[in-house]
Structures are given as C-alpha cells and as structure tokens.
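Novice: Take a look at protein33.cif, mmCIF, C-alpha atoms:
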```cif
data_model
#
loop_
_atom_site.label_atom_id
_atom_site.label_comp_id
_atom_site.auth_asym_id
_atom_site.auth_seq_id
_atom_site.Cartn_x
_atom_site.Cartn_y
_atom_site.Cartn_z
CA MET A 1188 12.28 -4.00 -8.34
CA GLY A 1189 9.43 -1.67 -7.45
CA VAL A 1190 6.86 -3.32 -9.73
CA PRO A 1191 3.48 -4.55 -8.46
CA TYR A 1192 3.90 -8.18 -9.64
CA VAL A 1193 6.19 -10.46 -11.65
CA PRO A 1194 5.56 -13.50 -13.87
CA ILE A 1195 7.40 -16.64 -12.83
CA VAL A 1196 8.20 -19.99 -14.43
CA GLY A 1197 6.77 -22.81 -12.36
CA LEU A 1198 4.30 -23.62 -9.56
CA VAL A 1199 1.32 -24.36 -11.83
CA GLY A 1200 -0.50 -27.46 -10.58
CA THR A 1201 1.09 -27.44 -7.12
CA ASP A 1202 -0.64 -27.48 -3.75
CA LEU A 1203 1.58 -24.58 -2.74
CA LEU A 1204 -0.14 -22.37 -5.32
CA ARG A 1205 -3.58 -23.45 -4.04
CA ARG A 1206 -2.66 -22.21 -0.58
CA ARG A 1207 -1.35 -18.78 -1.59
CA ASP A 1208 -3.57 -15.80 -2.29
CA ASP A 1209 -0.64 -13.65 -3.44
CA MET A 1210 0.02 -15.78 -6.52
CA VAL A 1211 -2.44 -16.31 -9.36
CA ILE A 1212 -2.37 -17.65 -12.90
CA ALA A 1213 -2.56 -14.98 -15.61
CA VAL A 1214 -2.42 -14.83 -19.39
CA ASP A 1215 0.60 -13.30 -21.15
CA PRO A 1216 -0.67 -9.86 -22.27
CA PHE A 1217 1.56 -9.93 -25.37
CA ASP A 1218 0.72 -13.29 -26.95
CA GLY A 1219 -2.76 -13.46 -25.42
CA LYS A 1220 -2.56 -17.18 -24.65
CA THR A 1221 0.40 -18.46 -22.59
CA ARG A 1222 -0.54 -18.84 -18.93
CA SER A 1223 1.88 -18.51 -16.04
CA VAL A 1224 1.89 -17.71 -12.35
CA VAL A 1225 2.24 -14.07 -11.44
CA ALA A 1226 3.33 -13.25 -7.91
CA LYS A 1227 2.30 -10.11 -6.07
CA ALA A 1228 5.22 -8.00 -4.89
CA LEU A 1229 6.17 -8.32 -1.23
CA ARG A 1230 6.90 -5.06 0.58
CA PRO A 1231 8.01 -5.96 4.13
CA ASP A 1232 8.03 -3.23 6.78
CA VAL A 1233 11.15 -4.61 8.43
CA ALA A 1234 13.70 -7.22 7.37
CA VAL A 1235 16.13 -8.74 9.87
CA PHE A 1236 18.83 -11.13 8.66
CA HIS A 1237 22.29 -12.39 9.48
CA ALA A 1238 25.35 -11.81 7.26
CA ARG A 1239 28.97 -12.72 7.19
CA GLU A 1240 30.45 -9.25 7.38
CA ALA A 1241 29.35 -5.61 7.63
CA ASP A 1242 30.89 -2.20 8.24
CA ARG A 1243 29.83 0.67 10.46
CA GLN A 1244 28.12 2.49 7.59
CA GLY A 1245 25.89 -0.51 6.89
CA ASN A 1246 27.62 -2.02 3.86
CA VAL A 1247 27.03 -5.77 3.99
CA SER A 1248 28.65 -8.85 2.46
CA CYS A 1249 26.25 -11.77 2.42
CA GLY A 1250 27.97 -14.47 0.37
CA TYR A 1251 26.10 -16.64 -2.09
CA GLU A 1252 22.68 -15.89 -0.61
CA ALA A 1253 21.64 -13.09 -2.93
CA GLU A 1254 18.04 -13.37 -1.68
CA ALA A 1255 19.22 -11.08 1.11
CA VAL A 1256 19.94 -8.36 -1.47
CA ILE A 1257 16.39 -8.57 -2.84
CA LEU A 1258 15.02 -8.65 0.70
CA ALA A 1259 16.99 -5.53 1.66
CA GLU A 1260 15.87 -3.69 -1.48
CA ALA A 1261 12.20 -4.59 -0.94
CA SER A 1262 11.95 -3.80 2.78
CA LYS A 1263 11.21 -0.36 4.23
CA HIS A 1264 13.62 -0.96 7.12
CA VAL A 1265 16.58 -3.31 7.31
CA ILE A 1266 18.45 -4.57 10.39
CA VAL A 1267 21.52 -6.76 9.81
CA THR A 1268 23.39 -8.87 12.34
CA ALA A 1269 26.91 -9.82 11.27
CA GLU A 1270 29.64 -12.27 12.23
CA SER A 1271 32.20 -9.52 12.07
CA ILE A 1272 32.28 -5.74 11.74
CA VAL A 1273 35.08 -4.19 9.71
CA ASP A 1274 36.10 -0.55 9.26
CA ARG A 1275 35.24 -0.27 5.61
CA LEU A 1276 33.62 -2.77 3.26
CA THR A 1277 33.27 -2.09 -0.46
CA GLU A 1278 31.79 -4.22 -3.22
CA LYS A 1279 35.32 -5.21 -4.25
CA GLU A 1280 36.14 -6.85 -0.91
CA ALA A 1281 32.75 -8.43 -0.39
CA SER A 1282 32.58 -12.15 -1.04
CA GLY A 1283 29.51 -12.91 -3.12
CA ALA A 1284 26.51 -10.63 -2.87
CA PHE A 1285 26.92 -7.07 -1.61
CA ILE A 1286 24.32 -4.77 -0.08
CA PRO A 1287 25.24 -1.08 -0.12
CA ALA A 1288 24.60 0.88 3.07
CA ILE A 1289 21.85 2.94 1.45
CA HIS A 1290 19.43 0.04 2.06
CA VAL A 1291 20.46 -0.66 5.65
CA ASP A 1292 19.16 1.06 8.80
CA ALA A 1293 21.22 -0.69 11.46
CA VAL A 1294 23.92 -3.31 11.92
CA ALA A 1295 24.71 -5.27 15.07
CA HIS A 1296 27.77 -7.37 15.84
CA ALA A 1297 26.52 -10.89 16.61
CA PRO A 1298 29.16 -13.61 16.33
CA PHE A 1299 27.50 -17.00 15.85
CA GLY A 1300 24.30 -15.13 15.13
CA ALA A 1301 23.11 -17.88 12.80
CA HIS A 1302 23.47 -20.64 15.41
CA PRO A 1303 22.10 -23.34 15.46
CA GLY A 1304 21.93 -22.80 11.70
CA GLY A 1305 25.15 -22.33 9.74
CA CYS A 1306 26.77 -19.21 8.31
CA ALA A 1307 28.34 -20.12 4.94
CA GLY A 1308 32.09 -19.64 4.93
CA ARG A 1309 32.25 -19.45 8.75
CA TYR A 1310 30.60 -22.49 10.33
CA GLY A 1311 28.11 -25.21 9.44
CA PRO A 1312 24.89 -26.07 11.25
CA ASP A 1313 25.22 -27.40 14.81
CA ARG A 1314 23.91 -30.94 14.28
CA ASP A 1315 23.57 -31.78 17.97
CA HIS A 1316 21.60 -28.65 18.72
CA MET A 1317 19.46 -29.21 15.63
CA ALA A 1318 18.66 -32.74 16.83
CA ARG A 1319 17.64 -31.28 20.18
CA TYR A 1320 15.41 -28.73 18.42
CA VAL A 1321 13.78 -31.39 16.24
CA ALA A 1322 13.04 -33.53 19.30
CA ALA A 1323 11.63 -30.50 21.15
CA ALA A 1324 9.42 -29.54 18.20
CA GLN A 1325 7.41 -32.79 18.47
CA ASP A 1326 4.81 -31.26 20.81
CA ASP A 1327 3.88 -27.98 22.49
CA ALA A 1328 5.05 -28.94 25.98
CA SER A 1329 8.57 -29.94 24.91
CA PHE A 1330 8.78 -26.91 22.63
CA ASP A 1331 7.82 -24.56 25.46
CA GLU A 1332 10.56 -26.14 27.49
CA TYR A 1333 13.05 -25.56 24.68
CA LEU A 1334 12.01 -21.91 24.40
CA ARG A 1335 12.40 -21.45 28.15
CA ALA A 1336 15.86 -23.02 28.15
CA CYS A 1337 17.39 -21.58 24.98
CA VAL A 1338 15.50 -18.38 24.17
CA LEU A 1339 13.43 -16.82 26.97
CA GLY A 1340 15.76 -17.91 29.75
CA VAL A 1341 18.81 -16.29 28.18
CA ARG A 1342 19.76 -12.74 29.15
CA ASP A 1343 21.43 -11.69 25.89
CA HIS A 1344 23.27 -12.93 22.83
CA ASP A 1345 26.61 -13.22 24.62
CA GLU A 1346 25.10 -15.52 27.20
CA TYR A 1347 23.47 -17.59 24.44
CA VAL A 1348 26.82 -18.02 22.67
CA GLU A 1349 28.58 -18.87 25.93
CA ARG A 1350 26.03 -21.50 26.85
CA PHE A 1351 24.97 -23.04 23.54
CA VAL A 1352 27.71 -22.64 20.91
CA PRO A 1353 30.24 -25.49 21.23
CA ARG A 1354 33.42 -24.43 23.05
CA GLU A 1355 35.73 -25.59 20.19
CA TRP A 1356 33.86 -23.35 17.77
CA ARG A 1357 34.33 -20.32 20.00
CA GLN A 1358 38.02 -21.04 20.49
CA ALA A 1359 38.54 -21.50 16.74
CA ALA A 1360 36.79 -18.21 16.04
CA ARG A 1361 38.92 -16.40 18.62
CA ALA A 1362 42.07 -17.91 17.14
CA ALA A 1363 40.99 -16.66 13.71
CA GLY A 1364 40.57 -13.18 15.16
CA GLY A 1365 36.74 -13.15 15.13
CA MET B 1493 32.70 -55.98 -9.93
CA GLU B 1494 30.88 -55.38 -6.64
CA TYR B 1495 29.36 -51.98 -5.96
CA THR B 1496 27.31 -50.20 -3.33
CA GLU B 1497 23.85 -48.70 -3.79
CA ALA B 1498 25.28 -45.17 -3.74
CA GLU B 1499 27.80 -46.09 -6.44
CA LEU B 1500 25.07 -47.68 -8.57
CA LEU B 1501 22.94 -44.53 -8.34
CA ALA B 1502 25.88 -42.21 -9.05
CA VAL B 1503 26.74 -44.23 -12.18
CA LEU B 1504 23.12 -44.33 -13.41
CA LEU B 1505 22.73 -40.57 -12.88
CA SER B 1506 26.02 -39.90 -14.69
CA ARG B 1507 24.67 -41.65 -17.79
CA GLU B 1508 21.89 -39.04 -18.02
CA VAL B 1509 24.37 -36.18 -18.53
CA ARG B 1510 24.89 -35.06 -22.15
CA ASP B 1511 28.12 -33.59 -23.42
CA GLY B 1512 28.01 -29.84 -24.00
CA GLU B 1513 24.93 -29.27 -21.88
CA VAL B 1514 24.61 -27.35 -18.61
CA SER B 1515 23.73 -29.83 -15.84
CA ALA B 1516 23.11 -29.04 -12.20
CA CYS B 1517 22.13 -30.36 -8.80
CA GLY B 1518 20.93 -28.57 -5.68
CA ALA B 1519 21.87 -28.64 -2.02
CA LEU B 1520 22.30 -31.94 -0.13
CA SER B 1521 22.88 -33.80 -3.39
CA GLN B 1522 26.01 -35.88 -2.88
CA ILE B 1523 25.01 -38.69 -5.24
CA PRO B 1524 24.11 -36.38 -8.17
CA ALA B 1525 27.29 -34.39 -7.49
CA ALA B 1526 29.33 -37.59 -7.89
CA GLY B 1527 27.30 -38.48 -10.99
CA LEU B 1528 27.90 -35.10 -12.61
CA LEU B 1529 31.66 -35.24 -12.00
CA LEU B 1530 31.80 -38.84 -13.25
CA ALA B 1531 30.03 -37.91 -16.49
CA GLN B 1532 32.47 -35.10 -17.10
CA GLU B 1533 35.36 -37.49 -16.49
CA LEU B 1534 34.05 -40.20 -18.81
CA HIS B 1535 31.67 -39.25 -21.63
CA ALA B 1536 30.83 -35.56 -21.26
CA PRO B 1537 34.13 -33.64 -21.09
CA ASN B 1538 32.42 -30.46 -22.29
CA ALA B 1539 29.49 -30.62 -19.89
CA GLU B 1540 29.15 -27.48 -17.81
CA LEU B 1541 28.46 -28.42 -14.20
CA ILE B 1542 26.75 -26.48 -11.47
CA ILE B 1543 26.98 -28.18 -8.09
CA LEU B 1544 25.41 -25.77 -5.62
CA ASN B 1545 27.37 -25.18 -2.40
CA SER B 1546 30.64 -26.33 -3.96
CA VAL B 1547 33.59 -24.98 -5.92
CA PHE B 1548 31.93 -26.41 -9.04
CA ASN B 1549 29.70 -23.39 -9.42
CA PRO B 1550 30.49 -20.54 -11.81
CA PHE B 1551 28.17 -18.11 -10.05
CA ARG B 1552 28.64 -15.58 -7.34
CA THR B 1553 25.00 -15.49 -6.33
CA SER B 1554 21.96 -17.74 -6.37
CA ARG B 1555 19.94 -15.49 -8.61
CA GLN B 1556 22.39 -15.99 -11.47
CA PHE B 1557 21.62 -19.72 -11.34
CA HIS B 1558 17.90 -19.11 -11.08
CA PHE B 1559 17.80 -16.77 -14.08
CA LEU B 1560 19.93 -19.15 -16.18
CA ALA B 1561 17.33 -21.85 -15.56
CA GLN B 1562 14.43 -19.48 -16.30
CA ARG B 1563 16.06 -18.54 -19.63
CA GLY B 1564 15.97 -22.21 -20.62
CA GLU B 1565 19.73 -22.71 -20.53
CA LEU B 1566 19.69 -25.49 -17.94
CA GLY B 1567 19.72 -28.83 -19.78
CA LEU B 1568 19.49 -31.23 -16.85
CA PHE B 1569 18.63 -30.96 -13.18
CA PHE B 1570 18.66 -33.63 -10.46
CA VAL B 1571 16.19 -33.50 -7.58
CA SER B 1572 14.85 -35.82 -4.94
CA GLY B 1573 11.45 -35.93 -3.27
CA VAL B 1574 10.05 -37.65 -0.22
CA GLN B 1575 7.08 -39.05 -2.17
CA ILE B 1576 6.79 -39.55 -5.92
CA ASP B 1577 3.59 -40.56 -7.69
CA ARG B 1578 2.58 -42.14 -10.98
CA HIS B 1579 1.96 -38.76 -12.60
CA GLY B 1580 5.48 -37.51 -11.92
CA ASN B 1581 4.26 -35.25 -9.11
CA TYR B 1582 6.58 -35.08 -6.18
CA ASN B 1583 6.37 -33.97 -2.59
CA LEU B 1584 9.07 -32.22 -0.62
CA HIS B 1585 6.72 -30.30 1.70
CA GLN B 1586 4.85 -32.42 4.22
CA LEU B 1587 3.33 -35.81 5.02
CA GLY B 1588 -0.09 -36.68 6.36
CA PRO B 1589 -3.69 -36.77 5.07
CA ASP B 1590 -4.62 -33.34 6.54
CA PRO B 1591 -2.61 -30.47 5.00
CA GLU B 1592 -3.39 -28.28 8.04
CA GLN B 1593 -1.95 -30.83 10.48
CA PRO B 1594 1.12 -32.30 8.77
CA ARG B 1595 2.73 -35.28 10.48
CA VAL B 1596 6.18 -34.26 9.21
CA ARG B 1597 7.36 -31.07 7.57
CA PHE B 1598 10.21 -30.96 4.99
CA PRO B 1599 12.27 -28.11 3.53
CA GLY B 1600 9.88 -27.31 0.69
CA GLY B 1601 10.17 -27.07 -3.00
CA TYR B 1602 12.43 -24.50 -4.57
CA GLY B 1603 14.09 -27.06 -6.88
CA GLY B 1604 10.74 -28.60 -7.58
CA GLY B 1605 8.30 -25.73 -7.71
CA LEU B 1606 10.45 -23.66 -10.06
CA ILE B 1607 13.38 -25.60 -11.54
CA TYR B 1608 11.23 -28.67 -12.36
CA TYR B 1609 9.43 -26.42 -14.86
CA ALA B 1610 12.47 -24.53 -16.13
CA ALA B 1611 15.14 -27.23 -16.66
CA ARG B 1612 14.84 -28.96 -20.03
CA ARG B 1613 15.03 -32.36 -18.33
CA THR B 1614 14.79 -33.25 -14.67
CA VAL B 1615 15.85 -36.61 -13.31
CA VAL B 1616 14.31 -37.46 -9.96
CA PHE B 1617 16.36 -39.78 -7.79
CA ARG B 1618 15.28 -41.51 -4.61
CA THR B 1619 17.46 -43.65 -2.37
CA GLU B 1620 14.44 -45.48 -0.92
CA HIS B 1621 12.19 -47.46 -3.25
CA THR B 1622 9.23 -48.56 -1.11
CA ARG B 1623 5.48 -48.16 -1.05
CA ARG B 1624 5.75 -45.23 1.31
CA SER B 1625 7.93 -43.26 -1.13
CA PHE B 1626 6.31 -44.41 -4.41
CA VAL B 1627 2.60 -43.69 -3.98
CA GLU B 1628 -0.51 -43.44 -6.14
CA ARG B 1629 -1.02 -39.79 -5.14
CA VAL B 1630 1.45 -37.64 -3.17
CA ASP B 1631 0.12 -36.01 0.03
CA PHE B 1632 1.17 -32.56 -1.19
CA ILE B 1633 2.18 -31.57 -4.74
CA SER B 1634 5.43 -29.58 -4.51
CA ALA B 1635 6.00 -29.94 -8.25
CA ALA B 1636 3.65 -31.22 -10.93
CA GLY B 1637 4.84 -33.71 -13.57
CA SER B 1638 2.46 -32.29 -16.18
CA THR B 1639 0.74 -29.01 -16.88
CA PRO B 1640 -1.77 -28.02 -19.59
CA PRO B 1641 -0.12 -27.21 -22.96
CA ASP B 1642 -0.85 -23.47 -22.73
CA VAL B 1643 1.17 -23.12 -19.48
CA LEU B 1644 4.63 -21.54 -19.61
CA ARG B 1645 6.98 -24.45 -19.06
CA LEU B 1646 10.39 -25.14 -20.56
CA GLY B 1647 10.88 -28.79 -19.64
CA HIS B 1648 9.58 -31.89 -17.91
CA PRO B 1649 10.71 -34.75 -15.71
CA SER B 1650 12.50 -37.31 -17.85
CA LYS B 1651 13.30 -40.17 -15.49
CA VAL B 1652 13.00 -41.42 -11.95
CA ILE B 1653 15.94 -43.52 -10.73
CA THR B 1654 15.99 -45.65 -7.56
CA PRO B 1655 18.26 -48.40 -6.19
CA ARG B 1656 15.89 -51.00 -7.69
CA ALA B 1657 14.79 -49.62 -11.05
CA SER B 1658 14.46 -46.71 -13.49
CA PHE B 1659 11.19 -45.23 -14.69
CA ARG B 1660 10.78 -42.99 -17.70
CA PHE B 1661 8.23 -40.21 -17.85
CA GLU B 1662 5.93 -40.23 -20.86
CA LYS B 1663 4.77 -36.72 -21.58
CA GLU B 1664 1.68 -38.13 -23.24
CA PRO B 1665 -0.29 -39.23 -21.20
CA GLY B 1666 1.88 -37.82 -18.39
CA VAL B 1667 2.71 -40.99 -16.46
CA LEU B 1668 5.76 -42.87 -15.26
CA ARG B 1669 6.45 -46.25 -16.82
CA LEU B 1670 8.93 -48.79 -15.55
CA ASP B 1671 11.91 -48.63 -17.91
CA THR B 1672 14.66 -50.95 -16.67
CA ILE B 1673 15.32 -53.03 -13.55
CA HIS B 1674 18.75 -53.09 -11.92
CA PRO B 1675 19.95 -56.70 -11.46
CA PRO B 1676 19.62 -58.62 -9.20
CA HIS B 1677 16.25 -56.95 -8.47
CA THR B 1678 13.15 -58.48 -10.05
CA LEU B 1679 9.91 -57.24 -11.58
CA GLU B 1680 7.95 -58.88 -8.79
CA GLU B 1681 10.03 -57.10 -6.16
CA VAL B 1682 9.66 -53.72 -7.90
CA ARG B 1683 5.90 -54.26 -8.16
CA GLU B 1684 5.72 -55.16 -4.47
CA ASN B 1685 7.54 -51.98 -3.51
CA THR B 1686 5.78 -49.50 -5.80
CA GLY B 1687 2.43 -48.04 -4.83
CA PHE B 1688 1.24 -47.49 -8.40
CA ASP B 1689 0.77 -49.38 -11.66
CA LEU B 1690 4.12 -49.90 -13.40
CA GLY B 1691 2.56 -49.55 -16.85
CA VAL B 1692 4.25 -52.66 -18.26
CA SER B 1693 2.91 -55.98 -19.47
CA GLY B 1694 5.77 -58.07 -20.89
CA PRO B 1695 9.30 -58.63 -19.62
CA VAL B 1696 11.34 -55.60 -18.62
CA THR B 1697 14.90 -54.87 -19.80
CA ALA B 1698 17.70 -55.21 -17.27
CA THR B 1699 19.75 -52.10 -16.54
CA THR B 1700 23.34 -52.25 -17.77
CA ALA B 1701 25.30 -52.77 -14.55
CA PRO B 1702 28.02 -50.24 -13.68
CA THR B 1703 31.07 -51.12 -15.74
CA ARG B 1704 34.57 -51.66 -14.44
CA GLU B 1705 35.61 -48.39 -16.10
CA GLU B 1706 32.78 -46.42 -14.46
CA LEU B 1707 33.45 -47.83 -11.01
CA ARG B 1708 37.21 -47.33 -11.29
CA ALA B 1709 36.80 -43.69 -12.31
CA LEU B 1710 34.23 -43.12 -9.57
CA ARG B 1711 36.52 -44.55 -6.86
CA ARG B 1712 39.95 -43.49 -8.05
CA VAL B 1713 39.24 -40.12 -9.66
CA ILE B 1714 35.90 -38.74 -8.45
CA GLY B 1715 36.21 -39.78 -4.79
CA PRO B 1716 39.62 -38.11 -4.35
CA LYS B 1717 38.44 -35.09 -6.36
CA MET B 1718 35.44 -34.59 -4.09
CA ILE B 1719 37.63 -34.94 -1.00
CA ALA B 1720 40.27 -32.53 -2.32
CA THR B 1721 37.72 -29.88 -3.28
CA GLY B 1722 35.56 -30.20 -0.18
CA THR B 1723 32.57 -31.36 -2.23
CA TYR B 1724 30.64 -33.58 0.19
CA ALA B 1725 34.11 -34.70 1.28
CA GLU B 1726 32.90 -36.62 4.33
CA TRP B 1727 30.39 -38.58 2.25
CA ALA B 1728 32.94 -39.24 -0.51
CA ARG B 1729 35.45 -40.56 2.01
CA ARG B 1730 32.85 -42.93 3.41
CA SER B 1731 31.17 -43.96 0.16
CA LEU B 1732 33.61 -43.68 -2.74
CA GLY B 1733 37.00 -44.57 -1.30
CA GLU B 1734 38.86 -47.78 -2.03
CA GLU B 1735 37.77 -49.03 1.39
CA ALA B 1736 34.09 -48.38 0.73
CA ALA B 1737 34.55 -50.36 -2.46
CA GLY B 1738 35.79 -53.37 -0.46
#
```
Please render this file's structure as structure tokens.

Specialist:
Amino acid sequence: MGVPYVPIVGLVGTDLLRRRDDMVIAVDPFDGKTRSVVAKALRPDVAVFHAREADRQGNVSCGYEAEAVILAEASKHVIVTAESIVDRLTEKEASGAFIPAIHVDAVAHAPFGAHPGGCAGRYGPDRDHMARYVAAAQDDASFDEYLRACVLGVRDHDEYVERFVPREWRQAARAAGG
Amino acid sequence: MEYTEAELLAVLLSREVRDGEVSACGALSQIPAAGLLLAQELHAPNAELIILNSVFNPFRTSRQFHFLAQRGELGLFFVSGVQIDRHGNYNLHQLGPDPEQPRVRFPGGYGGGLIYYAARRTVVFRTEHTRRSFVERVDFISAAGSTPPDVLRLGHPSKVITPRASFRFEKEPGVLRLDTIHPPHTLEEVRENTGFDLGVSGPVTATTAPTREELRALRRVIGPKMIATGTYAEWARRSLGEEAAG
C-alpha cells in the first residue's frame, strides 16, 4: 500500500494490543471522536514463502492465501518456493491469488516445501509429524533433538523429502506428474 | 429422538442464522459449518453462507472476506475460544498465569481480534463446558466482549452456546447471563461447571430440544451434502451419518 499506517477494526481491549508497540489507539481525524487501532506499516527486508505454483519469470499462484500478495508487495526482496514450476503462468491460469513477477526476486522448486504443514490444493498437514513436533516442543532438550534429526542433520531439501514425507504422498505426487 | 452432543450444538447454532443475512464460520469449524447448512436447508433459504476452506465460499482470496466484514456486511460469525469469561472476553492465545511463560500456546485470534468487532453478531460456541473453559477472567484477552462507546466497533457477541446451556450477552452492563439450559442438564450442574456468576435468580427456561425435522435434515441432507462437497467430510461421516445417529 505504501502508506505509513492504517486504521483497523478490532483489537481494542485485547492483551495482544498491550504487547505490541507498532499498534496504537488513535482518534479519527475526520469526525474528531471515534477511536480505533492504527497499525504501523511493516516493511520487511526479505520475505520467504511457499506457493502452489510459479514460473521461471517469478509469476506466482498462491491460492486462497492472499496475505502472500500483501507480503510480496510490502517486502524489499521476495523469495518463493513452489510445489511446481511451469513454463508460463498468467493471472488467468492462477488459482486464487496471483503475484506478478515484478515483486519476486527468486523462485525455487521445492516439492513438499510446506511439510509438515499443508499446501492447500496439494496436500494437508502431516498429522503424525505434527504430533512428533508437538511432543518435541515440550522442552529445550527434546526440541534440540528434533532440530538435529529433522533440520540440522539433513543435507538438503531432497533428503528431507525422502526421509520425512510419507512414501504414499511422494508416489501420489509422482503419479500426478509433480 | 436421541441425538449426540455435536448434533445438539449444530441444531442450536443453526437457529441463530437469519434468512437473508450473510453468515460465516472460520477454519476448523465443523459444527458451525453443519449449523449454517442446516439453517439454509430449513428456515433461511436466502442466507448467504461463507464456510472458509470449503466450496461454500464465494471468494477467491481471504482479503475479500476480511473487507466484507470490515464494511459491516457480515451479519453473523461463529467462533470458539479456549477460555471464555463473564464479560464475553475470550482467549485463543495461551494459558498460564505468566504471559511470558505460557503453559500452552494456541493459534491466536484472527477471528476474535478482528471479526469479533466487525461482525454484527458473533456466537461463541464451546464443546467443553467446565470450570477450566468458563472462567471469571481469561488468562489472555484475544477478543474483548465490550469496548467503550467511542471505539469503532460494528457488532458484539450475542450468545455463547455449549453442550449444557446457552448464555446471552447483555451489552449493558457487558456480561453473560444464563439464558436456557439444554435438558436433561440442570441449573445446579451448570453452576457447578461454570467459573463465574450465572446472573440468574429464579428458574431458567429449558432449551427447545432438537426437533425430529431438524435432526432428520441434519442426518439425511446435511451429512451427505458435507461428504459430497468435501466439507469436513470425515467428521460428517463420523458424526452426522445414519450410523452416528444410532
């Protein structure tokens, strides 16, 4: 949007507002009395997110999650990982929200890049892996162990997919030409 | 006619939907989704429904839904919270006395923090009615039941519905009051399981039990419809099929 702040409906009286210094309550400058939260604009240096589909120029189809469009517009640099890379993607073919290449610096092909979360329209969250993550997140020692096993101890994304994405999911994706 | 707790809640939520209004529910909302579809089937044929993450959603992107609500066009919204208090505040953020060291962390409060203020009416539903979910003061306010009159706000909570009872929210003085009790539950039992004053003195009206017509439509029309459209299909198969009905 390129504006320094926006008024929003909501959040007054919440503990969330008390913990944020980038949101304050202000008076409507036109009627001089109605109060609402105004939120300071976020201007990230780099945004990295996963999408359903992208092309080599950096056009991106991100489904229902239009927050990604706002994120891409607001950020100085944008890196997108995608389930599949196609030759040419235009707004017409994109399902849901579309991000034109002008906002995008780089795309990388990363099938199952949202795992263990889900990628709408492709696969849901991996419940078993999520349960493992939740158990590991109970304390620092078990979380360190999780990081060693699933993040730090993995050479690259391909190895991660091979070792942690369920075999049936990979076979189904291959059958579908992914 | 016998019914399950999920069926009872779906029926009670459906009765909150008004014909011709836009009514919506968020993610992970199988019971409100069933309630919305049931209302459209029975008494609100012209209700416009928005069931996020389903085919019953006219929008291509989430911001279209958000802006519709901010414009004041959303008549009814269903949300749930982990804790709900007497003042209609609810918590979907975290549990524990120290906000810096939460015991459990939850997804947070988009539906609450923003839509609770924008929808004309919000009905809060909770599948667990105990003293740990209905508390005097929530550990963390994700959404406030009331705000001062000069604050930009388009609507308020209207009811809280649980498997035991319904509360209505009174804007003045901004508190929940026990409205009706679902038979066979009793006032004593509701009092025992609620961590705040119920705001009633005399006898309390009994909720009208789900009717044969409501339950039939829920099981024979809404269940199959949810399965066919992939709207919480797994849940519908388990909870709304003829077998679930017994």

Novice: If the PyMOL selection byres ((chain A and resi 1219-1227) around 6) is run on the structure shown, which residues does it catch, given as number ranges by chain?

Specialist: A: 1192-1195, 1209-1218, 1228; B: 1642-1644

Novice: Tell me as a count of residues only which residues belonging to chain A come within 6 Å of chain B, counting all atoms listed in the file.

Specialist: 11

Novice: Name the residues that the PyMOL selection byres ((chain A and resi 1238) around 9) picks from the file above, as a ChimeraX atom specification, using the file's chain letters and numbers.

Specialist: /A:1236-1237,1239-1241,1247-1250,1255,1267-1271,1300-1301,1306

Novice: Residues near Arg1660 in chain B, anyone? I mean within 10 Å using all atoms listed in the file, not counting same-chain ones fewer than 4 positions away, as a ChimeraX atom specification.

Specialist: /B:1580,1615,1649-1653,1667-1672

Novice: I'd like to see the residues matched by the PyMOL selection byres ((chain B and resi 1503-1505) around 7) on this file, and ideally I'd get them as a VMD selection string.

Specialist: chain B and resid 1499 to 1502 1506 to 1508 1524 1527 1702 1706

Novice: Find the distance between CA of Phe1557 in chain B and CA of Ala1288 in chain A and write it in Å to one decimal.

Specialist: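 We find that CA of Phe1557 in chain B and CA of Ala1288 in chain A lie 25.3 Å from each other.
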
Novice: List the neighbours of range 1688-1698 of chain B out to 9 Å using only C-alpha atoms; skip same-chain residues closer than 6 positions along the sequence, and give me the result as a list in words.

Specialist: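 Once the adjacent positions are removed, what remains is Asp1577, Arg1578, Arg1623, Phe1626, Val1627, Glu1628, Arg1629, Ala1657, Phe1659, Val1667, Leu1668, Arg1669, Leu1670, Asp1671, Thr1672, Ile1673, His1674, Pro1675, Pro1676, Leu1679 and Val1682 of chain B.
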
Novice: Could you state the separation of CA of Val1338 in chain A and CA of Glu1592 in chain B in Å, given to one decimal place?

Specialist: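 CA of Glu1592 in chain B lies 26.7 Å from CA of Val1338 in chain A.
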
Novice: Please identify all polymer residues within 9 Å of range 1312-1315 of chain A, counting only C-alpha atoms, omitting same-chain residues fewer than 3 positions from it, and present them as a tab-separated table (two decimals) with C-alpha atoms, keeping the file's coordinate frame.

Specialist:
```
chain	number	residue	atom	x	y	z
A	1301	ALA	CA	23.11	-17.88	12.80
A	1302	HIS	CA	23.47	-20.64	15.41
A	1303	PRO	CA	22.10	-23.34	15.46
A	1304	GLY	CA	21.93	-22.80	11.70
A	1305	GLY	CA	25.15	-22.33	9.74
A	1306	CYS	CA	26.77	-19.21	8.31
A	1318	ALA	CA	18.66	-32.74	16.83
A	1319	ARG	CA	17.64	-31.28	20.18
A	1320	TYR	CA	15.41	-28.73	18.42
A	1352	VAL	CA	27.71	-22.64	20.91
A	1353	PRO	CA	30.24	-25.49	21.23
```

Novice: For the atom pair CA of Ser1546 in chain B and CA of Phe1598 in chain B, what is the interatomic distance in Å to one decimal place?

Specialist: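 We find that CA of Ser1546 in chain B and CA of Phe1598 in chain B lie 22.8 Å from each other.
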
Novice: Choose the residue, out of B:Arg1730, B:Arg1510, B:Arg1704, B:His1621, that has the smallest atom-to-atom separation from Asn1685 in chain B; count all atoms listed in the file.

Specialist: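 When distances to Asn1685 in chain B are compared using all atoms listed in the file, the smallest one comes from B:His1621.
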
Novice: Point out the residue among A:Ala1324, A:His1344, A:Glu1252, A:Ala1362 with the least atom-to-atom distance to Ala1307 in chain A, counting all atoms listed in the file.

Specialist: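 Residue with the minimum atom-to-atom distance to Ala1307 in chain A: A:Glu1252.
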
Novice: Name the residues in contact with Ser1262 in chain A at a cut-off of 12 Å, using only C-alpha atoms, excluding same-chain residues fewer than 2 positions from it; report them as a PyMOL selection string.

Specialist: chain A and resi 1188-1189+1228-1236+1255-1260+1264-1266+1290-1292
